[in-house]
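my_file_18.json (JSON, C-alpha atoms) appears below.
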[["chain", "number", "residue", "atom", "x", "y", "z"],
["A", 1, "MET", "CA", 0.44, 17.73, 26.06],
["A", 2, "LEU", "CA", 2.73, 16.22, 23.41],
["A", 3, "LEU", "CA", 1.36, 15.73, 19.91],
["A", 4, "ALA", "CA", 3.05, 12.85, 18.04],
["A", 5, "VAL", "CA", 2.54, 12.73, 14.27],
["A", 6, "GLU", "CA", 3.38, 9.74, 12.06],
["A", 7, "ILE", "CA", 3.17, 10.34, 8.31],
["A", 8, "ASP", "CA", 2.84, 7.10, 6.36],
["A", 9, "ASN", "CA", 2.22, 6.51, 2.67],
["A", 10, "SER", "CA", -1.53, 6.03, 3.02],
["A", 11, "GLU", "CA", -2.47, 7.64, 6.34],
["A", 12, "ILE", "CA", -1.33, 10.06, 9.02],
["A", 13, "SER", "CA", -1.58, 9.03, 12.67],
["A", 14, "PHE", "CA", -1.77, 11.40, 15.64],
["A", 15, "GLY", "CA", -1.24, 10.63, 19.32],
["A", 16, "LEU", "CA", -1.63, 12.91, 22.34],
["A", 17, "PHE", "CA", 0.45, 12.18, 25.43],
["A", 18, "ASP", "CA", -0.45, 13.87, 28.71],
["A", 19, "LYS", "CA", 2.58, 15.36, 30.50],
["A", 20, "HIS", "CA", 4.74, 13.99, 27.65],
["A", 21, "ASP", "CA", 4.48, 10.57, 29.35],
["A", 22, "VAL", "CA", 4.69, 7.57, 27.00],
["A", 23, "ASP", "CA", 2.37, 5.61, 29.29],
["A", 24, "MET", "CA", -0.29, 8.34, 29.23],
["A", 25, "LEU", "CA", -1.67, 8.23, 25.69],
["A", 26, "VAL", "CA", -4.84, 10.28, 26.01],
["A", 27, "ASP", "CA", -6.16, 9.76, 22.49],
["A", 28, "SER", "CA", -5.18, 8.88, 18.95],
["A", 29, "PHE", "CA", -6.77, 9.30, 15.54],
["A", 30, "LYS", "CA", -5.94, 9.00, 11.84],
["A", 31, "ILE", "CA", -6.63, 10.81, 8.59],
["A", 32, "SER", "CA", -5.81, 9.83, 5.03],
["A", 33, "ALA", "CA", -2.54, 11.09, 3.57],
["A", 34, "ASP", "CA", -3.30, 13.36, 0.62],
["A", 35, "LEU", "CA", -0.53, 15.15, -1.27],
["A", 36, "GLU", "CA", -3.05, 17.67, -2.63],
["A", 37, "ARG", "CA", -4.17, 19.00, 0.75],
["A", 38, "THR", "CA", -2.74, 22.31, 1.93],
["A", 39, "SER", "CA", -1.40, 23.05, 5.41],
["A", 40, "ASP", "CA", -4.60, 25.01, 6.10],
["A", 41, "GLU", "CA", -6.73, 22.02, 5.20],
["A", 42, "TYR", "CA", -4.70, 19.71, 7.41],
["A", 43, "ALA", "CA", -4.89, 22.20, 10.28],
["A", 44, "PHE", "CA", -8.67, 22.34, 9.81],
["A", 45, "TRP", "CA", -9.06, 18.56, 9.91],
["A", 46, "ILE", "CA", -6.73, 18.10, 12.87],
["A", 47, "ASN", "CA", -8.48, 20.83, 14.83],
["A", 48, "GLY", "CA", -11.85, 19.25, 14.12],
["A", 49, "LEU", "CA", -10.72, 15.82, 15.29],
["A", 50, "LEU", "CA", -9.17, 17.29, 18.43],
["A", 51, "GLY", "CA", -12.45, 18.97, 19.26],
["A", 52, "TYR", "CA", -14.41, 15.81, 18.45],
["A", 53, "ASN", "CA", -12.26, 14.00, 21.03],
["A", 54, "GLY", "CA", -12.72, 16.76, 23.61],
["A", 55, "ILE", "CA", -9.21, 18.19, 23.31],
["A", 56, "SER", "CA", -8.35, 21.85, 22.72],
["A", 57, "ARG", "CA", -5.48, 22.81, 20.46],
["A", 58, "THR", "CA", -4.28, 25.05, 23.31],
["A", 59, "ASP", "CA", -3.57, 21.86, 25.30],
["A", 60, "ILE", "CA", -0.71, 21.07, 22.90],
["A", 61, "ASP", "CA", 2.64, 22.44, 24.05],
["A", 62, "ALA", "CA", 5.06, 20.27, 22.01],
["A", 63, "CYS", "CA", 5.13, 18.17, 18.86],
["A", 64, "ILE", "CA", 7.30, 15.45, 17.32],
["A", 65, "LEU", "CA", 6.89, 14.20, 13.77],
["A", 66, "SER", "CA", 8.13, 11.24, 11.74],
["A", 67, "SER", "CA", 7.61, 11.01, 8.00],
["A", 68, "VAL", "CA", 8.27, 8.56, 5.18],
["A", 69, "VAL", "CA", 6.63, 10.95, 2.69],
["A", 70, "PRO", "CA", 8.98, 13.93, 2.21],
["A", 71, "GLN", "CA", 6.36, 15.84, 0.20],
["A", 72, "LEU", "CA", 4.11, 15.97, 3.27],
["A", 73, "THR", "CA", 6.71, 16.72, 5.94],
["A", 74, "ASP", "CA", 6.76, 20.50, 5.49],
["A", 75, "THR", "CA", 2.99, 20.63, 4.95],
["A", 76, "LEU", "CA", 2.20, 18.89, 8.24],
["A", 77, "THR", "CA", 4.89, 20.83, 10.09],
["A", 78, "LEU", "CA", 3.31, 24.10, 8.96],
["A", 79, "ALA", "CA", -0.17, 22.80, 9.78],
["A", 80, "VAL", "CA", 0.84, 22.00, 13.38],
["A", 81, "LYS", "CA", 2.51, 25.38, 13.79],
["A", 82, "LYS", "CA", -0.65, 27.13, 12.57],
["A", 83, "LEU", "CA", -2.79, 24.98, 14.83],
["A", 84, "ALA", "CA", -0.85, 25.10, 18.09],
["A", 85, "ASP", "CA", 1.97, 27.63, 17.63],
["A", 86, "VAL", "CA", 4.62, 25.16, 18.80],
["A", 87, "SER", "CA", 7.95, 24.08, 17.35],
["A", 88, "VAL", "CA", 7.97, 20.68, 15.65],
["A", 89, "MET", "CA", 10.77, 18.17, 16.26],
["A", 90, "ALA", "CA", 11.27, 16.07, 13.11],
["A", 91, "VAL", "CA", 12.95, 12.68, 13.52],
["A", 92, "GLY", "CA", 15.98, 12.58, 11.25],
["A", 93, "LYS", "CA", 19.72, 12.94, 11.09],
["A", 94, "GLY", "CA", 21.06, 14.12, 14.43],
["A", 95, "THR", "CA", 18.04, 12.98, 16.45],
["A", 96, "LYS", "CA", 19.05, 11.12, 19.62],
["A", 97, "THR", "CA", 17.30, 7.75, 19.40],
["A", 98, "GLY", "CA", 18.33, 6.40, 22.79],
["A", 99, "PHE", "CA", 19.77, 3.15, 21.38],
["A", 100, "PRO", "CA", 22.70, 2.05, 19.16],
["A", 101, "ILE", "CA", 21.94, 1.53, 15.46],
["A", 102, "LYS", "CA", 24.29, -1.14, 14.10],
["A", 103, "ILE", "CA", 23.64, -0.93, 10.36],
["A", 104, "ASP", "CA", 25.90, 0.24, 7.54],
["A", 105, "ASN", "CA", 24.44, 3.75, 7.39],
["A", 106, "PRO", "CA", 22.19, 4.70, 10.33],
["A", 107, "ALA", "CA", 21.02, 7.79, 8.43],
["A", 108, "ASP", "CA", 19.24, 5.47, 5.96],
["A", 109, "LEU", "CA", 16.92, 4.13, 8.65],
["A", 110, "GLY", "CA", 13.33, 5.34, 8.28],
["A", 111, "ALA", "CA", 11.93, 7.52, 11.05],
["A", 112, "ASP", "CA", 9.04, 5.11, 11.61],
["A", 113, "LEU", "CA", 11.43, 2.19, 12.09],
["A", 114, "VAL", "CA", 13.46, 4.25, 14.57],
["A", 115, "ALA", "CA", 10.29, 5.06, 16.51],
["A", 116, "ASN", "CA", 9.14, 1.43, 16.57],
["A", 117, "ALA", "CA", 12.48, 0.34, 18.01],
["A", 118, "ALA", "CA", 12.44, 3.13, 20.60],
["A", 119, "ALA", "CA", 9.01, 1.99, 21.78],
["A", 120, "VAL", "CA", 10.00, -1.67, 22.05],
["A", 121, "ILE", "CA", 13.22, -0.88, 23.90],
["A", 122, "ASP", "CA", 11.26, 1.34, 26.32],
["A", 123, "ILE", "CA", 8.67, -1.38, 26.92],
["A", 124, "LYS", "CA", 11.34, -4.00, 27.57],
["A", 125, "SER", "CA", 13.28, -1.69, 29.90],
["A", 126, "LYS", "CA", 10.21, -1.43, 32.16],
["A", 127, "GLU", "CA", 9.58, -5.17, 32.33],
["A", 128, "ASN", "CA", 11.32, -7.28, 34.92],
["A", 129, "THR", "CA", 11.99, -10.13, 32.52],
["A", 130, "LYS", "CA", 15.00, -11.69, 30.86],
["A", 131, "LYS", "CA", 16.25, -9.57, 27.98],
["A", 132, "LEU", "CA", 15.57, -11.45, 24.75],
["A", 133, "PRO", "CA", 16.15, -10.51, 21.13],
["A", 134, "CYS", "CA", 13.13, -8.80, 19.57],
["A", 135, "VAL", "CA", 11.62, -8.79, 16.10],
["A", 136, "ILE", "CA", 9.56, -5.72, 15.20],
["A", 137, "ILE", "CA", 7.03, -6.01, 12.37],
["A", 138, "ASP", "CA", 5.22, -3.04, 10.82],
["A", 139, "MET", "CA", 2.53, -3.83, 8.23],
["A", 140, "GLY", "CA", 1.78, -0.69, 6.27],
["A", 141, "ALA", "CA", 2.18, -0.09, 2.54],
["A", 142, "ALA", "CA", 5.40, -2.05, 2.95],
["A", 143, "THR", "CA", 5.87, -4.82, 5.48],
["A", 144, "THR", "CA", 9.04, -4.32, 7.49],
["A", 145, "VAL", "CA", 10.65, -6.95, 9.70],
["A", 146, "PHE", "CA", 13.56, -5.65, 11.79],
["A", 147, "ALA", "CA", 15.58, -6.94, 14.70],
["A", 148, "VAL", "CA", 16.85, -5.64, 18.04],
["A", 149, "ASN", "CA", 19.32, -7.93, 19.78],
["A", 150, "ALA", "CA", 19.36, -8.80, 23.48],
["A", 151, "ASN", "CA", 21.72, -5.85, 24.12],
["A", 152, "GLY", "CA", 19.16, -3.37, 22.81],
["A", 153, "GLU", "CA", 21.06, -2.75, 19.55],
["A", 154, "TYR", "CA", 19.20, -2.22, 16.28],
["A", 155, "ILE", "CA", 20.89, -4.60, 13.83],
["A", 156, "GLY", "CA", 18.86, -4.49, 10.59],
["A", 157, "GLY", "CA", 16.07, -6.36, 8.86],
["A", 158, "SER", "CA", 13.98, -6.94, 5.76],
["A", 159, "ILE", "CA", 11.53, -4.87, 3.69],
["A", 160, "MET", "CA", 8.90, -6.31, 1.36],
["A", 161, "ALA", "CA", 5.69, -5.30, -0.41],
["A", 162, "GLY", "CA", 2.83, -5.15, 2.07],
["A", 163, "VAL", "CA", -0.78, -6.31, 1.81],
["A", 164, "GLY", "CA", -2.24, -3.13, 0.32],
["A", 165, "LEU", "CA", 0.59, -2.64, -2.15],
["A", 166, "SER", "CA", 0.40, -6.28, -3.26],
["A", 167, "LEU", "CA", -3.36, -6.12, -3.82],
["A", 168, "LYS", "CA", -2.98, -2.95, -5.89],
["A", 169, "ALA", "CA", -0.12, -4.44, -7.90],
["A", 170, "LEU", "CA", -2.08, -7.58, -8.75],
["A", 171, "HIS", "CA", -5.10, -5.59, -9.89],
["A", 172, "GLY", "CA", -3.15, -2.88, -11.71],
["A", 173, "GLY", "CA", -0.61, -5.19, -13.31],
["A", 174, "THR", "CA", -3.00, -7.81, -14.67],
["A", 175, "ALA", "CA", -5.90, -7.70, -17.10],
["A", 176, "LEU", "CA", -8.43, -9.86, -15.28],
["A", 177, "LEU", "CA", -7.70, -9.98, -11.55],
["A", 178, "PRO", "CA", -10.29, -7.97, -9.57],
["A", 179, "THR", "CA", -9.92, -5.34, -6.86],
["A", 180, "VAL", "CA", -9.91, -7.23, -3.55],
["A", 181, "SER", "CA", -10.42, -5.82, -0.07],
["A", 182, "PRO", "CA", -7.83, -6.79, 2.56],
["A", 183, "ALA", "CA", -9.38, -9.41, 4.84],
["A", 184, "ALA", "CA", -8.25, -12.62, 6.48],
["A", 185, "PRO", "CA", -8.88, -15.59, 4.15],
["A", 186, "THR", "CA", -11.27, -18.31, 5.27],
["A", 187, "ARG", "CA", -9.22, -20.99, 3.48],
["A", 188, "ALA", "CA", -5.96, -21.35, 1.59],
["A", 189, "ILE", "CA", -7.57, -22.91, -1.48],
["A", 190, "GLY", "CA", -9.61, -20.07, -2.94],
["A", 191, "ARG", "CA", -12.69, -21.02, -4.97],
["A", 192, "ASN", "CA", -12.88, -17.83, -6.99],
["A", 193, "SER", "CA", -10.54, -15.05, -8.07],
["A", 194, "GLN", "CA", -11.18, -12.85, -5.02],
["A", 195, "GLU", "CA", -10.63, -15.70, -2.56],
["A", 196, "SER", "CA", -7.49, -16.80, -4.39],
["A", 197, "VAL", "CA", -5.98, -13.30, -4.39],
["A", 198, "ARG", "CA", -6.85, -12.80, -0.73],
["A", 199, "SER", "CA", -5.31, -16.15, 0.16],
["A", 200, "GLY", "CA", -2.17, -15.43, -1.84],
["A", 201, "VAL", "CA", -1.62, -11.95, -0.44],
["A", 202, "VAL", "CA", -2.79, -12.18, 3.17],
["A", 203, "LEU", "CA", -1.88, -15.80, 3.89],
["A", 204, "GLY", "CA", 1.28, -15.36, 1.83],
["A", 205, "ASN", "CA", 2.31, -12.38, 3.99],
["A", 206, "ALA", "CA", 1.60, -14.41, 7.15],
["A", 207, "MET", "CA", 3.73, -17.32, 5.97],
["A", 208, "MET", "CA", 6.49, -14.95, 4.91],
["A", 209, "ILE", "CA", 6.47, -13.22, 8.30],
["A", 210, "ASP", "CA", 6.58, -16.56, 10.15],
["A", 211, "GLY", "CA", 9.52, -17.56, 7.99],
["A", 212, "PHE", "CA", 11.41, -14.35, 8.64],
["A", 213, "ILE", "CA", 10.87, -14.62, 12.40],
["A", 214, "SER", "CA", 12.33, -18.12, 12.39],
["A", 215, "LYS", "CA", 15.23, -17.04, 10.19],
["A", 216, "PHE", "CA", 15.96, -13.99, 12.34],
["A", 217, "ALA", "CA", 15.94, -16.12, 15.50],
["A", 218, "GLN", "CA", 18.38, -18.51, 13.87],
["A", 219, "GLU", "CA", 20.75, -15.73, 12.75],
["A", 220, "MET", "CA", 20.66, -14.08, 16.19],
["A", 221, "LYS", "CA", 21.25, -17.46, 17.85],
["A", 222, "ALA", "CA", 18.18, -16.89, 20.03],
["A", 223, "ASP", "CA", 18.30, -20.24, 21.78],
["A", 224, "ASP", "CA", 16.39, -18.88, 24.80],
["A", 225, "GLY", "CA", 13.59, -17.50, 22.68],
["A", 226, "ILE", "CA", 12.58, -14.34, 20.87],
["A", 227, "GLU", "CA", 9.86, -11.70, 21.34],
["A", 228, "VAL", "CA", 7.80, -10.40, 18.45],
["A", 229, "PHE", "CA", 6.09, -7.00, 18.37],
["A", 230, "VAL", "CA", 3.73, -6.07, 15.57],
["A", 231, "THR", "CA", 1.95, -2.90, 14.48],
["A", 232, "GLY", "CA", 0.62, -1.30, 11.30],
["A", 233, "GLU", "CA", -2.49, -0.84, 9.19],
["A", 234, "TYR", "CA", -2.80, -4.49, 8.11],
["A", 235, "ALA", "CA", -1.48, -6.18, 11.25],
["A", 236, "GLU", "CA", -4.82, -7.40, 12.58],
["A", 237, "THR", "CA", -5.70, -8.84, 9.17],
["A", 238, "VAL", "CA", -2.50, -10.86, 8.90],
["A", 239, "ILE", "CA", -1.46, -11.97, 12.40],
["A", 240, "SER", "CA", -4.48, -14.24, 12.88],
["A", 241, "SER", "CA", -2.93, -16.44, 10.16],
["A", 242, "CYS", "CA", 0.57, -16.44, 11.72],
["A", 243, "THR", "CA", 1.86, -19.27, 13.90],
["A", 244, "HIS", "CA", 4.32, -17.28, 16.05],
["A", 245, "LYS", "CA", 3.14, -15.58, 19.23],
["A", 246, "MET", "CA", 3.11, -11.78, 18.81],
["A", 247, "ARG", "CA", 2.38, -8.67, 20.85],
["A", 248, "TYR", "CA", 0.12, -6.41, 18.81],
["A", 249, "ILE", "CA", 0.47, -2.73, 19.77],
["A", 250, "PRO", "CA", -1.49, -0.44, 17.39],
["A", 251, "GLU", "CA", 0.12, 2.79, 18.67],
["A", 252, "LEU", "CA", 3.68, 1.41, 18.78],
["A", 253, "THR", "CA", 5.12, 4.08, 16.46],
["A", 254, "LEU", "CA", 3.41, 6.93, 18.31],
["A", 255, "ARG", "CA", 4.72, 5.60, 21.63],
["A", 256, "GLY", "CA", 8.20, 5.49, 20.14],
["A", 257, "LEU", "CA", 7.95, 9.09, 18.99],
["A", 258, "CYS", "CA", 7.10, 10.12, 22.54],
["A", 259, "CYS", "CA", 10.18, 8.23, 23.79],
["A", 260, "ILE", "CA", 12.40, 9.92, 21.21],
["A", 261, "TYR", "CA", 11.05, 13.36, 22.08],
["A", 262, "ASN", "CA", 11.86, 12.82, 25.75],
["A", 263, "ASN", "CA", 15.34, 11.49, 24.92],
["A", 264, "ASN", "CA", 16.12, 14.67, 23.02],
["A", 265, "VAL", "CA", 14.59, 17.06, 25.55],
["A", 266, "LYS", "CA", 16.53, 15.45, 28.39],
["A", 267, "ALA", "CA", 19.69, 15.57, 26.31]]
Conversion result in structure tokens:
Amino acid sequence: MLLAVEIDNSEISFGLFDKHDVDMLVDSFKISADLERTSDEYAFWINGLLGYNGISRTDIDACILSSVVPQLTDTLTLAVKKLADVSVMAVGKGTKTGFPIKIDNPADLGADLVANAAAVIDIKSKENTKKLPCVIIDMGAATTVFAVNANGEYIGGSIMAGVGLSLKALHGGTALLPTVSPAAPTRAIGRNSQESVRSGVVLGNAMMIDGFISKFAQEMKADDGIEVFVTGEYAETVISSCTHKMRYIPELTLRGLCCIYNNNVKA
């Protein structure tokens, strides 16, 4: 069984793929990302969640990891090795992605963005439909909007402050604005500070995403249409306020990690 690990700024996601097959995701779970935890503590928590989901650590025979938090990369790598005694493949420079990356410096591309693209390209390769340009949106601490053209080439995108980061910035950077939980607004015209902040951040992100999708389609000359894939911690909160049709896949990054692992093993 392949263990896929995605380290984000606020949480760490785990996915278990039977027979290393991207279409056989047995289970997934998340824990909070904490820079103070040791590798032993992470191993303890992961082992407990595996057991809670009826999976033994001895079932794990391979692991792939992506990280946007360098301080946690070595810690989680050591935790997995202690837990399952397997080598850990880290997505980074030299990793075979399985698709062309047409940006100025491919090494600058985050491992999570690489995994998202790998998953989308794999999904599209299995569908007997016309190949259309794709927009891939990931709503974590940052909201990323990136594009894959109809030829399956990764061509770049945009990065902006996400929902959680925006809410924290408004509260931390002002004297009077309150802490607000991320939730879909009931109306655009807020009638109190919390409603107004929620409208501005959540509805503002939705409008921004809709705008970027339209702009990307225009720049890619997508006259026949465009497909939009979305994932991330705040995706469900935001997409209900978007006007474009989207395919929401919560485990998109984990699926992509499985694809990348198989690309490198076969290579």
Item to complete: Write out as a list in words which residues come within 9 Å of Leu165 (chain A) when counting all atoms listed in the file, dropping same-chain ones fewer than 3 positions away.
Response: Gly140, Ala141, Ala142, Ala161, Gly162, Lys168, Ala169 and Leu170 of chain A
Item to complete: Please identify all polymer residues within 7 Å of Ser13 (chain A), counting only C-alpha atoms, omitting same-chain residues fewer than 5 positions from it, and present them as a ChimeraX atom specification.
Response: /A:5-7,29-31
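For the set A:Pro182, A:Gly157, A:Pro70, A:Gly48, the residue with the smallest atom-to-atom gap to Asn9 (chain A) is A:Pro70, counting only C-alpha atoms.
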Worksheet item: Quick one: residues within 7 Å of Leu3 (chain A), all atoms listed in the file counted, chain neighbours fewer than 3 positions away excluded, as number ranges by chain?
Response: A: 14-17, 60, 62-64
Store the residues picked out above, limited to C-alpha atoms, as a short mmCIF file (atom, residue, chain, number, x, y, z; two decimals), in the frame of the given file.
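Output file out-v2.cif follows:
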data_model
loop_
_atom_site.label_atom_id
_atom_site.label_comp_id
_atom_site.auth_asym_id
_atom_site.auth_seq_id
_atom_site.Cartn_x
_atom_site.Cartn_y
_atom_site.Cartn_z
CA PHE A 14 -1.77 11.40 15.64
CA GLY A 15 -1.24 10.63 19.32
CA LEU A 16 -1.63 12.91 22.34
CA PHE A 17 0.45 12.18 25.43
CA ILE A 60 -0.71 21.07 22.90
CA ALA A 62 5.06 20.27 22.01
CA CYS A 63 5.13 18.17 18.86
CA ILE A 64 7.30 15.45 17.32
#
Do you know which residues are at most 8 Å from Gly156 (chain A) counting all atoms listed in the file, after dropping those on the same chain fewer than 5 positions away, and could you put them as a PDB file with C-alpha atoms, in the frame of the given file?
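Writing the result to selection_9.pdb gives the following:
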ATOM      1  CA  LYS A 102      24.290  -1.140  14.100  1.00  0.00           C
ATOM      2  CA  ILE A 103      23.640  -0.930  10.360  1.00  0.00           C
ATOM      3  CA  PHE A 146      13.560  -5.650  11.790  1.00  0.00           C
ATOM      4  CA  ALA A 147      15.580  -6.940  14.700  1.00  0.00           C
ATOM      5  CA  VAL A 148      16.850  -5.640  18.040  1.00  0.00           C
TER       6      VAL A 148
END
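Residue nearest Leu50 (chain A), chosen from A:Ala84, A:Val163, A:Val238, A:Met208 and counting only C-alpha atoms: A:Ala84.
Picture a line from CA of Asp18 (chain A) to CA of Arg57 (chain A); it runs 13.2 Å.
Among A:Leu254, A:Met139, A:Ala33, A:Ile46, the residue with the shortest atom-to-atom distance to Ala111 (chain A), counting all atoms listed in the file, is A:Leu254.
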